[in-house]
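A.B. asks: What follows is the file query-v7.csv, containing CSV, C-alpha atoms:
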```
chain,number,residue,atom,x,y,z
A,94,ARG,CA,-8.8,-13.0,18.2
A,95,ALA,CA,-7.8,-11.3,21.4
A,96,ALA,CA,-4.7,-13.5,21.5
A,97,ARG,CA,-3.7,-12.3,18.0
A,98,ARG,CA,-3.7,-8.5,18.8
A,99,GLY,CA,-0.4,-8.5,20.7
A,100,LYS,CA,2.1,-5.8,19.7
A,101,GLY,CA,0.0,-4.3,16.9
A,102,CYS,CA,-0.6,-0.9,18.4
A,103,ALA,CA,3.1,-0.2,18.9
A,104,ARG,CA,3.8,-1.5,15.4
A,105,MET,CA,1.0,0.6,13.9
A,106,SER,CA,2.2,3.9,15.4
A,107,SER,CA,5.8,3.4,14.4
A,108,ALA,CA,5.0,2.3,10.9
A,109,VAL,CA,2.9,5.4,10.3
A,110,ALA,CA,5.3,7.7,11.9
A,111,ARG,CA,8.3,6.6,9.8
A,112,GLY,CA,7.8,9.2,7.2
A,113,ALA,CA,4.8,11.4,8.2
A,114,SER,CA,7.0,14.5,8.6
A,115,GLU,CA,9.2,13.8,5.6
A,116,ALA,CA,8.9,15.8,2.3
A,117,SER,CA,6.5,14.0,0.1
A,118,GLY,CA,7.2,15.3,-3.4
A,119,VAL,CA,3.4,15.8,-3.8
A,120,GLU,CA,2.3,19.3,-4.9
A,121,GLY,CA,-0.8,21.0,-3.7
A,122,ALA,CA,-1.6,18.7,-0.7
A,123,VAL,CA,-4.6,19.9,1.2
A,124,ASP,CA,-4.3,20.6,4.9
A,125,SER,CA,-7.8,21.7,5.9
A,126,SER,CA,-9.0,20.4,9.2
A,127,ALA,CA,-12.4,19.9,7.6
A,128,ALA,CA,-11.1,17.5,5.0
A,129,PRO,CA,-11.4,13.7,5.6
A,130,SER,CA,-8.4,12.0,7.0
A,131,VAL,CA,-6.5,8.7,6.7
A,132,ALA,CA,-3.7,7.0,8.5
A,133,LEU,CA,-1.8,4.2,6.8
A,134,VAL,CA,-0.1,1.3,8.5
A,135,ALA,CA,2.9,0.3,6.3
A,136,LEU,CA,4.0,-3.3,6.5
A,137,GLY,CA,6.1,-5.5,4.3
A,138,CYS,CA,8.9,-5.0,1.8
A,139,ALA,CA,10.3,-2.1,-0.1
A,140,LYS,CA,7.8,-2.7,-3.0
A,141,ASN,CA,5.0,-2.5,-0.5
A,142,THR,CA,6.5,0.8,0.8
A,143,VAL,CA,6.4,2.3,-2.7
A,144,ASP,CA,2.8,1.1,-3.2
A,145,ALA,CA,2.0,2.8,0.1
A,146,GLU,CA,3.8,6.0,-0.9
A,147,VAL,CA,2.0,6.3,-4.2
A,148,MET,CA,-1.3,5.6,-2.5
A,149,LEU,CA,-0.7,8.4,0.0
A,150,GLY,CA,0.1,10.7,-2.9
A,151,ASP,CA,-3.2,9.8,-4.6
A,152,LEU,CA,-5.0,10.5,-1.3
A,153,GLU,CA,-3.4,13.9,-0.8
A,154,ARG,CA,-4.2,15.0,-4.4
A,155,HIS,CA,-7.8,14.2,-3.7
A,156,GLY,CA,-7.8,16.6,-0.7
A,157,ILE,CA,-7.6,13.8,1.9
A,158,ARG,CA,-5.4,14.5,4.9
A,159,VAL,CA,-2.7,12.0,5.9
A,160,LEU,CA,-2.3,11.8,9.7
A,161,ASP,CA,0.4,10.2,11.8
A,162,GLU,CA,-1.8,8.5,14.3
A,163,PRO,CA,-4.5,5.9,13.3
A,164,ASP,CA,-6.7,6.8,16.3
A,165,ALA,CA,-7.0,10.3,15.0
A,166,ALA,CA,-8.1,9.4,11.5
A,167,ASP,CA,-11.4,8.9,9.8
A,168,VAL,CA,-10.2,5.9,7.9
A,169,VAL,CA,-7.3,3.5,8.6
A,170,ILE,CA,-5.5,1.7,5.7
A,171,VAL,CA,-3.5,-1.4,6.6
A,172,ASN,CA,-1.0,-2.2,3.8
A,173,THR,CA,-0.3,-5.9,4.5
A,174,CYS,CA,2.4,-8.4,3.7
A,175,GLY,CA,1.5,-11.9,2.8
A,176,PHE,CA,4.8,-13.7,2.1
A,177,ILE,CA,5.8,-15.7,5.2
A,178,GLU,CA,3.8,-16.8,8.2
A,179,GLU,CA,5.3,-14.2,10.6
A,180,ALA,CA,4.5,-11.4,8.1
A,181,LYS,CA,0.9,-12.7,7.7
A,182,GLN,CA,0.5,-12.8,11.5
A,183,ALA,CA,1.8,-9.2,11.8
A,184,SER,CA,-0.7,-8.1,9.2
A,185,ILE,CA,-3.6,-9.8,10.9
A,186,ASP,CA,-2.5,-8.2,14.2
A,187,ALA,CA,-2.4,-4.8,12.6
A,188,ILE,CA,-5.9,-5.3,11.0
A,189,LEU,CA,-7.4,-6.3,14.3
A,190,ASP,CA,-5.8,-3.4,16.2
A,191,ALA,CA,-7.1,-1.0,13.6
A,192,ALA,CA,-10.6,-2.6,13.9
A,193,GLN,CA,-10.5,-1.9,17.7
A,194,LEU,CA,-10.2,1.8,16.9
A,195,LYS,CA,-13.7,1.8,15.4
A,196,ASP,CA,-15.1,1.5,18.9
A,197,ALA,CA,-12.3,3.0,20.9
A,198,ALA,CA,-11.5,6.1,18.9
A,199,GLY,CA,-14.3,6.6,16.4
A,200,VAL,CA,-12.5,5.5,13.3
A,201,ARG,CA,-15.2,5.2,10.6
A,202,GLY,CA,-13.6,3.0,8.0
A,203,LEU,CA,-11.0,0.2,7.7
A,204,ILE,CA,-9.4,-0.6,4.3
A,205,VAL,CA,-7.0,-3.6,3.8
A,206,THR,CA,-4.5,-3.4,0.9
A,207,GLY,CA,-1.2,-5.2,0.1
A,208,CYS,CA,-0.3,-8.7,-0.6
A,209,MET,CA,-2.7,-10.3,1.8
A,210,ALA,CA,-5.5,-8.4,0.2
A,211,GLN,CA,-4.4,-9.6,-3.2
A,212,ARG,CA,-3.8,-13.2,-2.1
A,213,TYR,CA,-6.5,-13.9,0.5
A,214,ALA,CA,-9.3,-11.4,-0.3
A,215,ALA,CA,-12.1,-13.9,0.0
A,216,GLU,CA,-10.8,-15.3,3.3
A,217,LEU,CA,-10.4,-11.8,4.8
A,218,ALA,CA,-13.9,-10.8,3.7
A,219,ALA,CA,-15.3,-13.9,5.3
A,220,GLU,CA,-13.3,-13.9,8.5
A,221,LEU,CA,-13.0,-10.2,9.2
A,222,PRO,CA,-16.4,-8.4,8.9
A,223,GLU,CA,-14.8,-5.4,10.6
A,224,VAL,CA,-12.9,-4.7,7.4
A,225,ASP,CA,-14.9,-2.3,5.2
A,226,ALA,CA,-13.0,-2.7,1.9
A,227,ILE,CA,-10.3,-5.1,0.6
A,228,VAL,CA,-8.4,-3.5,-2.3
A,229,GLY,CA,-5.9,-5.3,-4.6
A,230,PHE,CA,-3.1,-3.9,-6.8
A,231,GLU,CA,-5.2,-3.2,-9.9
A,232,ASN,CA,-7.6,-0.9,-8.0
A,233,TYR,CA,-5.1,1.1,-5.9
A,234,SER,CA,-5.9,4.2,-7.9
A,235,GLU,CA,-9.5,3.9,-6.6
A,236,VAL,CA,-8.5,4.0,-2.9
A,237,PRO,CA,-9.3,7.8,-2.6
A,238,ASP,CA,-12.8,7.1,-4.0
A,239,THR,CA,-13.2,4.2,-1.6
A,240,VAL,CA,-12.3,6.4,1.3
A,241,ILE,CA,-14.9,9.0,0.3
A,242,ARG,CA,-17.5,6.3,-0.3
A,243,LEU,CA,-17.0,4.8,3.2
A,244,LEU,CA,-17.3,8.1,4.9
A,245,SER,CA,-20.5,8.9,3.0
A,246,THR,CA,-22.2,5.6,3.8
A,247,THR,CA,-24.7,6.0,6.6
A,248,LEU,CA,-25.4,3.4,9.3
A,249,SER,CA,-28.9,3.1,8.0
A,250,GLN,CA,-27.6,1.7,4.7
A,251,GLY,CA,-26.3,-1.4,6.6
A,252,ALA,CA,-23.0,-3.3,6.1
A,253,PRO,CA,-22.0,-4.0,2.5
A,254,SER,CA,-22.0,-7.6,1.3
A,255,LYS,CA,-18.7,-9.6,1.1
A,256,ALA,CA,-18.6,-9.2,-2.7
A,257,ALA,CA,-19.2,-5.4,-2.4
A,258,ARG,CA,-16.2,-5.1,0.0
A,259,VAL,CA,-13.7,-6.8,-2.3
A,260,ALA,CA,-12.0,-5.0,-5.2
A,261,VAL,CA,-8.9,-7.0,-6.1
A,262,GLY,CA,-8.6,-7.6,-9.9
A,263,GLY,CA,-5.6,-9.1,-11.6
A,264,ALA,CA,-2.0,-9.4,-10.3
A,265,THR,CA,-0.1,-8.4,-13.5
A,266,VAL,CA,-0.8,-4.7,-13.3
A,267,PRO,CA,0.6,-2.2,-15.8
A,268,PHE,CA,3.0,0.4,-14.4
A,269,ARG,CA,1.8,3.9,-13.6
A,270,PRO,CA,3.8,7.0,-12.7
A,271,GLU,CA,5.3,6.5,-9.2
A,272,TRP,CA,7.1,9.8,-8.6
A,273,GLY,CA,4.2,11.8,-7.3
A,274,ARG,CA,4.2,10.1,-3.9
A,275,ARG,CA,4.3,10.9,-0.2
A,276,ARG,CA,7.6,9.2,0.8
A,277,LEU,CA,7.9,7.2,4.0
A,278,THR,CA,11.7,7.1,3.8
A,279,PRO,CA,14.1,9.7,5.1
A,280,ARG,CA,14.4,12.8,2.8
A,281,HIS,CA,17.8,11.8,1.4
A,282,THR,CA,16.9,8.3,0.3
A,283,ALA,CA,14.1,6.7,-1.8
A,284,PHE,CA,13.2,3.4,-3.4
A,285,LEU,CA,13.0,3.3,-7.2
A,286,ARG,CA,11.0,0.3,-8.5
A,287,VAL,CA,12.5,-0.9,-11.8
A,288,ALA,CA,10.5,-4.0,-12.3
A,289,GLU,CA,7.6,-6.0,-10.8
A,290,GLY,CA,6.5,-9.6,-10.7
A,291,CYS,CA,8.4,-12.8,-11.3
A,292,ASP,CA,8.4,-15.7,-13.8
A,293,HIS,CA,10.4,-18.1,-11.8
A,294,LYS,CA,8.7,-21.3,-10.6
A,295,CYS,CA,10.4,-21.7,-7.2
A,296,THR,CA,8.4,-24.3,-5.2
A,297,PHE,CA,9.0,-22.4,-1.9
A,298,CYS,CA,7.7,-19.1,-3.2
A,299,ALA,CA,4.2,-17.9,-3.9
A,300,ILE,CA,5.1,-14.4,-5.1
A,301,PRO,CA,4.3,-15.0,-8.8
A,302,GLY,CA,0.8,-15.9,-7.9
A,303,PHE,CA,0.0,-12.5,-6.3
A,304,ARG,CA,2.6,-10.1,-7.7
A,305,GLY,CA,2.0,-11.3,-11.3
A,306,LYS,CA,4.3,-11.9,-14.3
A,307,PHE,CA,7.7,-10.2,-14.6
A,308,ARG,CA,7.6,-6.9,-16.3
A,309,SER,CA,10.3,-4.2,-16.5
A,310,LYS,CA,9.4,-0.6,-16.1
A,311,PRO,CA,10.2,1.3,-19.4
A,312,TRP,CA,13.7,2.8,-19.3
A,313,ASN,CA,12.6,6.4,-20.0
A,314,ASP,CA,10.1,6.1,-17.1
A,315,VAL,CA,12.9,4.9,-14.8
A,316,LEU,CA,15.1,7.9,-15.8
A,317,ASP,CA,12.2,10.4,-15.4
A,318,GLU,CA,11.4,9.1,-11.9
A,319,ALA,CA,15.0,9.2,-10.9
A,320,ARG,CA,15.4,12.8,-12.0
A,321,ARG,CA,12.2,13.8,-10.2
A,322,LEU,CA,13.3,12.1,-7.0
A,323,ALA,CA,16.7,13.7,-7.2
A,324,ALA,CA,15.0,17.1,-7.7
A,325,SER,CA,13.0,16.6,-4.5
A,326,GLY,CA,16.2,16.1,-2.5
A,327,VAL,CA,17.0,12.4,-2.8
A,328,VAL,CA,20.7,11.6,-3.0
A,329,GLU,CA,20.5,7.9,-2.6
A,330,LEU,CA,18.3,5.7,-4.9
A,331,ASN,CA,17.8,2.1,-4.1
A,332,LEU,CA,16.7,0.0,-7.1
A,333,ILE,CA,14.1,-2.6,-6.2
A,334,ALA,CA,12.3,-5.5,-7.9
A,335,GLU,CA,11.5,-9.1,-7.3
A,336,ASP,CA,14.6,-9.8,-9.5
A,337,THR,CA,16.6,-6.8,-10.5
A,338,ASN,CA,19.0,-9.0,-12.5
A,339,GLN,CA,16.1,-9.7,-14.9
A,340,TYR,CA,15.6,-6.0,-15.7
A,341,GLY,CA,15.2,-5.4,-19.5
A,342,THR,CA,15.1,-9.1,-20.5
A,343,ASP,CA,11.5,-8.7,-21.5
A,344,PHE,CA,12.3,-5.7,-23.8
A,345,GLY,CA,13.0,-8.0,-26.8
A,346,ALA,CA,16.3,-6.5,-27.8
```
Any chance you could give the structure as structure tokens?
C.D. replies:
Amino acid sequence: RAARRGKGCARMSSAVARGASEASGVEGAVDSSAAPSVALVALGCAKNTVDAEVMLGDLERHGIRVLDEPDAADVVIVNTCGFIEEAKQASIDAILDAAQLKDAAGVRGLIVTGCMAQRYAAELAAELPEVDAIVGFENYSEVPDTVIRLLSTTLSQGAPSKAARVAVGGATVPFRPEWGRRRLTPRHTAFLRVAEGCDHKCTFCAIPGFRGKFRSKPWNDVLDEARRLAASGVVELNLIAEDTNQYGTDFGA
């Protein structure tokens, strides 16, 4: 494992710092030094970035502080990419670097999310006992509760079983509101997800297996999110999906 750690620390700090000081669009965020804290390492594509932003918004609404530096946080979340080999290796490096912080900096919990969690949950649980929770797309809304649970678990309770550490669920997950997020992009620009998943059967691509079937976000929800992002200061919206050209083809006109 030592050989796999490499450049992870530098990557970790830069990934978290990208948007830590940007306006989040989340109202009522708690900033008490007594509140539990997390740092999130953001890896992967624009869709992963939106997932991370929504996750951070959820955490703030639960009174959990979001910090810039992983070594200062109670819990570190690594939002992984699992598409190509280089991305997988970068994700493993980031996980291992975060795991080191348990001994070196007193980090008390390590959560793995993202495409590697969805695609390789069993393997991660078996090979990386340092990881306390592996959370898939269907259970992202439960991440704040997972953070609180990890921090309330005492050493005398022992390490949870592999099964207890995994909460993945299905890949074809219904849309939820995505405007109440802590953005990791510069204030003037934001990603707007208009669809998710893919129905193509390309032999070189595994995305349909872990991002699920293609589904378009309802048109009124897209407009509502665009208006809310514009009201928060966004002047550039970047529409994202696995295949933006397919948008609306599943509406059954």
A.B. asks: Just to confirm, what's the straight-line distance from CA of Glu162 in chain A to CA of Phe284 in chain A in Å (one decimal)?
C.D. replies: 23.8 Å
A.B. asks: So that each row is one residue of range 250-287 of chain A with an atom at most 7 Å from range 219-230 of chain A, can you give its shortest atom pair and the distance in Å to one decimal, using all atoms listed in the file, rows by chain and rising number, as a tab-separated table?
C.D. replies:
```
residue	atom	partner	partner_atom	distance
A:Lys255	CA	A:Ala219	CA	6.9
A:Arg258	CA	A:Ala226	CA	4.4
A:Val259	CA	A:Ile227	CA	4.8
A:Ala260	CA	A:Val228	CA	4.9
A:Val261	CA	A:Gly229	CA	3.8
A:Gly262	CA	A:Gly229	CA	6.4
A:Ala264	CA	A:Phe230	CA	6.6
A:Val266	CA	A:Phe230	CA	6.9
```
A.B. asks: Fewer than 6 positions away in the same chain doesn't count, so skip those; otherwise give me all residues within 10 Å of Gly137 in chain A, counting all atoms listed in the file, as a PyMOL selection string.
C.D. replies: chain A and resi 172-176+180-181+183-184+207-208
A.B. asks: Of the residues A:Ser130, A:Ser309, A:Thr206, A:Gln182, which is the one nearest to Met148 in chain A, using all atoms listed in the file?
C.D. replies: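 Result for the nearest residue to Met148 in chain A: A:Thr206.
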A.B. asks: For Arg201 in chain A, which of A:Leu160, A:Ala323, A:Val131, A:Val171 is the closest residue, counting all atoms listed in the file?
C.D. replies: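 Using all atoms listed in the file, Arg201 in chain A sits closest to A:Val131.
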A.B. asks: If you measure from CA of Gly341 in chain A to CA of Ile300 in chain A, what distance in Å do you get, rounded to one decimal?
C.D. replies: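 Value for the CA of Gly341 in chain A-CA of Ile300 in chain A distance: 19.8 Å.
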A.B. asks: Pick the closest to Ala283 in chain A from A:Gly199, A:Gly150, A:Pro270, A:Gly326: which is it, counting all atoms listed in the file?
C.D. replies: A:Gly326
A.B. asks: Have a look at CA of Ala191 in chain A and CA of Leu203 in chain A and let me know their distance in Å, one decimal.
C.D. replies: 7.2 Å
A.B. asks: Generate all heavy atoms for range 264-275 of chain A and emit them as a PDB file, keeping the file's coordinate frame.
C.D. replies:
```
ATOM      1  N   ALA A 264      -3.293  -9.653 -10.981  1.00  0.00           N
ATOM      2  CA  ALA A 264      -2.000  -9.400 -10.300  1.00  0.00           C
ATOM      3  C   ALA A 264      -0.989  -8.778 -11.207  1.00  0.00           C
ATOM      4  O   ALA A 264      -0.092  -8.081 -10.723  1.00  0.00           O
ATOM      5  CB  ALA A 264      -1.467 -10.787  -9.814  1.00  0.00           C
ATOM      6  N   THR A 265      -1.089  -8.978 -12.524  1.00  0.00           N
ATOM      7  CA  THR A 265      -0.100  -8.400 -13.500  1.00  0.00           C
ATOM      8  C   THR A 265      -0.646  -7.034 -13.901  1.00  0.00           C
ATOM      9  O   THR A 265      -1.369  -6.913 -14.889  1.00  0.00           O
ATOM     10  CB  THR A 265       0.102  -9.321 -14.666  1.00  0.00           C
ATOM     11  OG1 THR A 265       0.506 -10.622 -14.192  1.00  0.00           O
ATOM     12  CG2 THR A 265       1.194  -8.778 -15.588  1.00  0.00           C
ATOM     13  N   VAL A 266      -0.280  -6.025 -13.137  1.00  0.00           N
ATOM     14  CA  VAL A 266      -0.800  -4.700 -13.300  1.00  0.00           C
ATOM     15  C   VAL A 266       0.156  -3.804 -14.070  1.00  0.00           C
ATOM     16  O   VAL A 266       1.352  -3.800 -13.741  1.00  0.00           O
ATOM     17  CB  VAL A 266      -1.158  -4.057 -11.944  1.00  0.00           C
ATOM     18  CG1 VAL A 266      -1.756  -2.674 -12.110  1.00  0.00           C
ATOM     19  CG2 VAL A 266      -2.097  -4.967 -11.158  1.00  0.00           C
ATOM     20  N   PRO A 267      -0.279  -3.061 -15.081  1.00  0.00           N
ATOM     21  CA  PRO A 267       0.600  -2.200 -15.800  1.00  0.00           C
ATOM     22  C   PRO A 267       1.222  -1.110 -14.867  1.00  0.00           C
ATOM     23  O   PRO A 267       0.613  -0.735 -13.857  1.00  0.00           O
ATOM     24  CB  PRO A 267      -0.275  -1.513 -16.858  1.00  0.00           C
ATOM     25  CG  PRO A 267      -1.441  -2.428 -16.996  1.00  0.00           C
ATOM     26  CD  PRO A 267      -1.644  -3.039 -15.644  1.00  0.00           C
ATOM     27  N   PHE A 268       2.402  -0.628 -15.209  1.00  0.00           N
ATOM     28  CA  PHE A 268       3.000   0.400 -14.400  1.00  0.00           C
ATOM     29  C   PHE A 268       2.258   1.733 -14.565  1.00  0.00           C
ATOM     30  O   PHE A 268       1.664   2.010 -15.605  1.00  0.00           O
ATOM     31  CB  PHE A 268       4.479   0.641 -14.845  1.00  0.00           C
ATOM     32  CG  PHE A 268       5.401  -0.455 -14.408  1.00  0.00           C
ATOM     33  CD1 PHE A 268       5.887  -1.366 -15.329  1.00  0.00           C
ATOM     34  CD2 PHE A 268       5.771  -0.587 -13.080  1.00  0.00           C
ATOM     35  CE1 PHE A 268       6.741  -2.379 -14.933  1.00  0.00           C
ATOM     36  CE2 PHE A 268       6.619  -1.590 -12.674  1.00  0.00           C
ATOM     37  CZ  PHE A 268       7.107  -2.498 -13.600  1.00  0.00           C
ATOM     38  N   ARG A 269       2.309   2.515 -13.528  1.00  0.00           N
ATOM     39  CA  ARG A 269       1.800   3.900 -13.600  1.00  0.00           C
ATOM     40  C   ARG A 269       2.877   4.793 -13.007  1.00  0.00           C
ATOM     41  O   ARG A 269       3.822   4.315 -12.378  1.00  0.00           O
ATOM     42  CB  ARG A 269       0.524   3.991 -12.686  1.00  0.00           C
ATOM     43  CG  ARG A 269       0.693   3.471 -11.286  1.00  0.00           C
ATOM     44  CD  ARG A 269      -0.525   3.732 -10.420  1.00  0.00           C
ATOM     45  NE  ARG A 269      -0.748   5.161 -10.244  1.00  0.00           N
ATOM     46  CZ  ARG A 269      -1.503   5.665  -9.273  1.00  0.00           C
ATOM     47  NH1 ARG A 269      -2.110   4.864  -8.416  1.00  0.00           N
ATOM     48  NH2 ARG A 269      -1.670   6.959  -9.155  1.00  0.00           N
ATOM     49  N   PRO A 270       2.812   6.104 -13.241  1.00  0.00           N
ATOM     50  CA  PRO A 270       3.800   7.000 -12.700  1.00  0.00           C
ATOM     51  C   PRO A 270       3.917   6.862 -11.169  1.00  0.00           C
ATOM     52  O   PRO A 270       2.892   6.874 -10.490  1.00  0.00           O
ATOM     53  CB  PRO A 270       3.351   8.387 -13.114  1.00  0.00           C
ATOM     54  CG  PRO A 270       2.541   8.138 -14.346  1.00  0.00           C
ATOM     55  CD  PRO A 270       1.850   6.829 -14.104  1.00  0.00           C
ATOM     56  N   GLU A 271       5.139   6.744 -10.642  1.00  0.00           N
ATOM     57  CA  GLU A 271       5.300   6.500  -9.200  1.00  0.00           C
ATOM     58  C   GLU A 271       6.136   7.633  -8.536  1.00  0.00           C
ATOM     59  O   GLU A 271       6.554   7.484  -7.399  1.00  0.00           O
ATOM     60  CB  GLU A 271       5.974   5.172  -8.955  1.00  0.00           C
ATOM     61  CG  GLU A 271       5.095   3.999  -9.367  1.00  0.00           C
ATOM     62  CD  GLU A 271       5.690   2.644  -9.040  1.00  0.00           C
ATOM     63  OE1 GLU A 271       6.938   2.505  -9.064  1.00  0.00           O
ATOM     64  OE2 GLU A 271       4.915   1.711  -8.768  1.00  0.00           O
ATOM     65  N   TRP A 272       6.341   8.742  -9.230  1.00  0.00           N
ATOM     66  CA  TRP A 272       7.100   9.800  -8.600  1.00  0.00           C
ATOM     67  C   TRP A 272       6.314  10.745  -7.767  1.00  0.00           C
ATOM     68  O   TRP A 272       6.842  11.374  -6.855  1.00  0.00           O
ATOM     69  CB  TRP A 272       7.877  10.597  -9.727  1.00  0.00           C
ATOM     70  CG  TRP A 272       6.961  11.147 -10.795  1.00  0.00           C
ATOM     71  CD1 TRP A 272       6.663  10.573 -11.995  1.00  0.00           C
ATOM     72  CD2 TRP A 272       6.223  12.367 -10.760  1.00  0.00           C
ATOM     73  NE1 TRP A 272       5.787  11.354 -12.709  1.00  0.00           N
ATOM     74  CE2 TRP A 272       5.499  12.466 -11.963  1.00  0.00           C
ATOM     75  CE3 TRP A 272       6.103  13.394  -9.819  1.00  0.00           C
ATOM     76  CZ2 TRP A 272       4.672  13.540 -12.255  1.00  0.00           C
ATOM     77  CZ3 TRP A 272       5.268  14.474 -10.104  1.00  0.00           C
ATOM     78  CH2 TRP A 272       4.574  14.536 -11.318  1.00  0.00           C
ATOM     79  N   GLY A 273       5.012  10.863  -8.017  1.00  0.00           N
ATOM     80  CA  GLY A 273       4.200  11.800  -7.300  1.00  0.00           C
ATOM     81  C   GLY A 273       3.663  11.143  -5.990  1.00  0.00           C
ATOM     82  O   GLY A 273       2.479  10.882  -5.839  1.00  0.00           O
ATOM     83  N   ARG A 274       4.568  10.862  -5.060  1.00  0.00           N
ATOM     84  CA  ARG A 274       4.200  10.100  -3.900  1.00  0.00           C
ATOM     85  C   ARG A 274       4.610  10.825  -2.588  1.00  0.00           C
ATOM     86  O   ARG A 274       5.486  11.685  -2.607  1.00  0.00           O
ATOM     87  CB  ARG A 274       4.864   8.722  -3.909  1.00  0.00           C
ATOM     88  CG  ARG A 274       6.311   8.699  -4.388  1.00  0.00           C
ATOM     89  CD  ARG A 274       6.897   7.301  -4.299  1.00  0.00           C
ATOM     90  NE  ARG A 274       7.932   7.035  -5.282  1.00  0.00           N
ATOM     91  CZ  ARG A 274       9.050   6.376  -5.007  1.00  0.00           C
ATOM     92  NH1 ARG A 274       9.272   5.919  -3.793  1.00  0.00           N
ATOM     93  NH2 ARG A 274       9.938   6.156  -5.955  1.00  0.00           N
ATOM     94  N   ARG A 275       3.958  10.439  -1.521  1.00  0.00           N
ATOM     95  CA  ARG A 275       4.300  10.900  -0.200  1.00  0.00           C
ATOM     96  C   ARG A 275       5.304   9.906   0.393  1.00  0.00           C
ATOM     97  O   ARG A 275       4.907   8.834   0.832  1.00  0.00           O
ATOM     98  CB  ARG A 275       3.120  11.094   0.711  1.00  0.00           C
ATOM     99  CG  ARG A 275       3.442  11.598   2.119  1.00  0.00           C
ATOM    100  CD  ARG A 275       2.219  11.534   3.004  1.00  0.00           C
ATOM    101  NE  ARG A 275       2.513  11.941   4.358  1.00  0.00           N
ATOM    102  CZ  ARG A 275       2.259  13.146   4.862  1.00  0.00           C
ATOM    103  NH1 ARG A 275       1.707  14.059   4.091  1.00  0.00           N
ATOM    104  NH2 ARG A 275       2.549  13.434   6.121  1.00  0.00           N
TER     105      ARG A 275
END
```
